[in-house]
Amino acid sequence: MNEVTIYNNTNEELPYQEIIEKVVNKALEIERVKNASCSIIIVDNNYIHKLNKEYRGIDRVTDVISFALEDDDSVLIPNGIRLLGDIYISLDKAKDQAKEYGHSLKRELCFLAVHGIYHLLGYDHESEEDAKIMFKKQEEVLEYYGITR
């Protein structure tokens with residue numbers, strides 16, 4: 001069984017926690033990941049800006065940052081659960097992007113969470129080919145729950 005823990009480090013109420021957890025677990029199921037743990041930390045723009053600057057050298061706000069704790073299956077905690085890492089999502093940026101893209105905050109938060117989990121699993125979108133693979137997988141998960149644009 002996988003464990004997805006969501007922490008809200010903002011002063012705002014976090015909607016859609018249950019569905020965010022479901023879509024991340026669905027991505028893990030599709031990728032045949034078992035006995036794994038990850039955290040999703042919801043933050044504001046200031047916090048994610050600091051993370052982006054400190055860890056990526058990019059001095060601007062971003063929507064999601066993933067910090068993988070493993071490059072392979074070797075990182076385990078004593079009970080045998082794989083520690084995948086942490087996903088930071090800016091609630092402020094998610095709200096702005098939902099408006100900008102003309103879809104719901106639910107869709108944006110779920111997209112960012114699934115995007116983050118695929119990064120933790122080693123996917124990226126540096127090349128056009130890799131982007132097609134990653135984004136197709138993300139859409140498959142979101143469509144399973146009827147979360148569309």
# chains A, B, ... in the order shown; residues from 1 in each chain; ligands from 1
>>> residues_around(residues="region 78-83 of chain A", least_positions_apart="5", cutoff="6 Å", atoms="only C-alpha atoms", output="PDB file with N, CA, C and O atoms, in the first residue's frame")
ATOM      1  N   ASN A  35       4.194  -0.005  -1.916  1.00  0.00           N
ATOM      2  CA  ASN A  35       4.902   0.252  -0.659  1.00  0.00           C
ATOM      3  C   ASN A  35       5.800   1.478  -0.749  1.00  0.00           C
ATOM      4  O   ASN A  35       6.977   1.441  -0.407  1.00  0.00           O
ATOM      5  N   ALA A  36       5.231   2.577  -1.221  1.00  0.00           N
ATOM      6  CA  ALA A  36       5.986   3.818  -1.369  1.00  0.00           C
ATOM      7  C   ALA A  36       5.289   4.938  -0.612  1.00  0.00           C
ATOM      8  O   ALA A  36       4.088   4.884  -0.358  1.00  0.00           O
ATOM      9  N   SER A  37       6.073   5.944  -0.274  1.00  0.00           N
ATOM     10  CA  SER A  37       5.566   7.090   0.467  1.00  0.00           C
ATOM     11  C   SER A  37       6.057   8.377  -0.184  1.00  0.00           C
ATOM     12  O   SER A  37       7.203   8.451  -0.637  1.00  0.00           O
TER      13      SER A  37
END
>>> residues_around(residues="region 4-6 of chain A", least_positions_apart="3", cutoff="9 Å", atoms="only C-alpha atoms", output="VMD selection string")
chain A and resid 17 20 to 22 24 to 25 36 to 42
>>> select_by_dssp(residues="chain A", states="strand (DSSP E)", output="PyMOL selection string")
chain A and resi 3-8+36-43+64-68+82-90
>>> residues_around(residues="His49 (chain A)", least_positions_apart="3", cutoff="9 Å", atoms="only C-alpha atoms", output="PyMOL selection string")
chain A and resi 44-46+52-54+58-62
>>> atom_distance(atom1="CA of Thr148 (chain A)", atom2="CA of Phe111 (chain A)")
9.6 Å
>>> residues_around(residues="His119 (chain A)", least_positions_apart="3", cutoff="10 Å", atoms="only C-alpha atoms", output="mmCIF file with N, CA, C and O atoms, in the first residue's frame")
data_model
loop_
_atom_site.group_PDB
_atom_site.id
_atom_site.type_symbol
_atom_site.label_atom_id
_atom_site.label_comp_id
_atom_site.auth_asym_id
_atom_site.auth_seq_id
_atom_site.Cartn_x
_atom_site.Cartn_y
_atom_site.Cartn_z
ATOM 1 N N ILE A 65 7.495 21.996 -7.475
ATOM 2 C CA ILE A 65 8.878 21.526 -7.423
ATOM 3 C C ILE A 65 8.873 20.162 -6.741
ATOM 4 O O ILE A 65 8.237 19.987 -5.699
ATOM 5 N N SER A 66 9.580 19.213 -7.328
ATOM 6 C CA SER A 66 9.684 17.873 -6.754
ATOM 7 C C SER A 66 11.116 17.624 -6.302
ATOM 8 O O SER A 66 12.060 17.942 -7.013
ATOM 9 N N PHE A 67 11.238 17.046 -5.123
ATOM 10 C CA PHE A 67 12.542 16.657 -4.590
ATOM 11 C C PHE A 67 12.536 15.150 -4.394
ATOM 12 O O PHE A 67 11.962 14.641 -3.438
ATOM 13 N N ALA A 68 13.164 14.449 -5.322
ATOM 14 C CA ALA A 68 13.226 12.993 -5.253
ATOM 15 C C ALA A 68 14.254 12.571 -4.207
ATOM 16 O O ALA A 68 15.332 13.151 -4.115
ATOM 17 N N LEU A 84 9.804 8.152 -1.754
ATOM 18 C CA LEU A 84 9.943 8.741 -3.084
ATOM 19 C C LEU A 84 10.424 10.180 -3.029
ATOM 20 O O LEU A 84 11.231 10.599 -3.850
ATOM 21 N N GLY A 85 9.899 10.956 -2.075
ATOM 22 C CA GLY A 85 10.316 12.352 -1.966
ATOM 23 C C GLY A 85 9.157 13.264 -1.664
ATOM 24 O O GLY A 85 8.085 12.833 -1.218
ATOM 25 N N ILE A 87 6.790 16.781 -2.858
ATOM 26 C CA ILE A 87 6.277 17.622 -3.936
ATOM 27 C C ILE A 87 5.762 18.898 -3.287
ATOM 28 O O ILE A 87 4.893 18.845 -2.411
ATOM 29 N N ALA A 113 -0.066 17.906 -8.800
ATOM 30 C CA ALA A 113 0.295 16.770 -7.946
ATOM 31 C C ALA A 113 0.746 15.577 -8.792
ATOM 32 O O ALA A 113 1.762 14.933 -8.500
ATOM 33 N N VAL A 114 0.006 15.279 -9.850
ATOM 34 C CA VAL A 114 0.368 14.163 -10.730
ATOM 35 C C VAL A 114 1.672 14.476 -11.467
ATOM 36 O O VAL A 114 2.538 13.610 -11.609
ATOM 37 N N HIS A 115 1.823 15.708 -11.892
ATOM 38 C CA HIS A 115 3.064 16.132 -12.541
ATOM 39 C C HIS A 115 4.244 15.905 -11.591
ATOM 40 O O HIS A 115 5.276 15.339 -11.980
ATOM 41 N N GLY A 116 4.059 16.301 -10.349
ATOM 42 C CA GLY A 116 5.105 16.132 -9.353
ATOM 43 C C GLY A 116 5.450 14.677 -9.097
ATOM 44 O O GLY A 116 6.627 14.315 -8.989
ATOM 45 N N GLY A 122 10.947 9.675 -11.861
ATOM 46 C CA GLY A 122 12.028 9.721 -12.838
ATOM 47 C C GLY A 122 11.667 10.241 -14.212
ATOM 48 O O GLY A 122 12.523 10.286 -15.105
ATOM 49 N N TYR A 123 10.427 10.639 -14.419
ATOM 50 C CA TYR A 123 10.029 11.199 -15.716
ATOM 51 C C TYR A 123 10.402 12.672 -15.766
ATOM 52 O O TYR A 123 10.444 13.357 -14.749
ATOM 53 N N ASP A 124 10.651 13.165 -16.982
ATOM 54 C CA ASP A 124 10.866 14.597 -17.147
ATOM 55 C C ASP A 124 10.330 15.028 -18.501
ATOM 56 O O ASP A 124 9.803 14.215 -19.256
ATOM 57 N N HIS A 125 10.458 16.306 -18.781
ATOM 58 C CA HIS A 125 9.946 16.842 -20.037
ATOM 59 C C HIS A 125 10.993 17.736 -20.690
ATOM 60 O O HIS A 125 10.685 18.767 -21.268
ATOM 61 N N MET A 134 5.424 11.852 -20.712
ATOM 62 C CA MET A 134 5.029 12.276 -19.366
ATOM 63 C C MET A 134 3.622 12.877 -19.359
ATOM 64 O O MET A 134 2.794 12.534 -18.515
#
>>> select_by_dssp(residues="chain A", states="alpha helix (DSSP H)", output="JSON, numbers by chain")
{"A": [17, 18, 19, 20, 21, 22, 23, 24, 25, 26, 27, 28, 29, 30, 45, 46, 47, 48, 49, 50, 51, 52, 53, 54, 55, 56, 91, 92, 93, 94, 95, 96, 97, 98, 99, 100, 101, 105, 106, 107, 108, 109, 110, 111, 112, 113, 114, 115, 116, 117, 118, 119, 120, 128, 129, 130, 131, 132, 133, 134, 135, 136, 137, 138, 139, 140, 141, 142, 143, 144]}
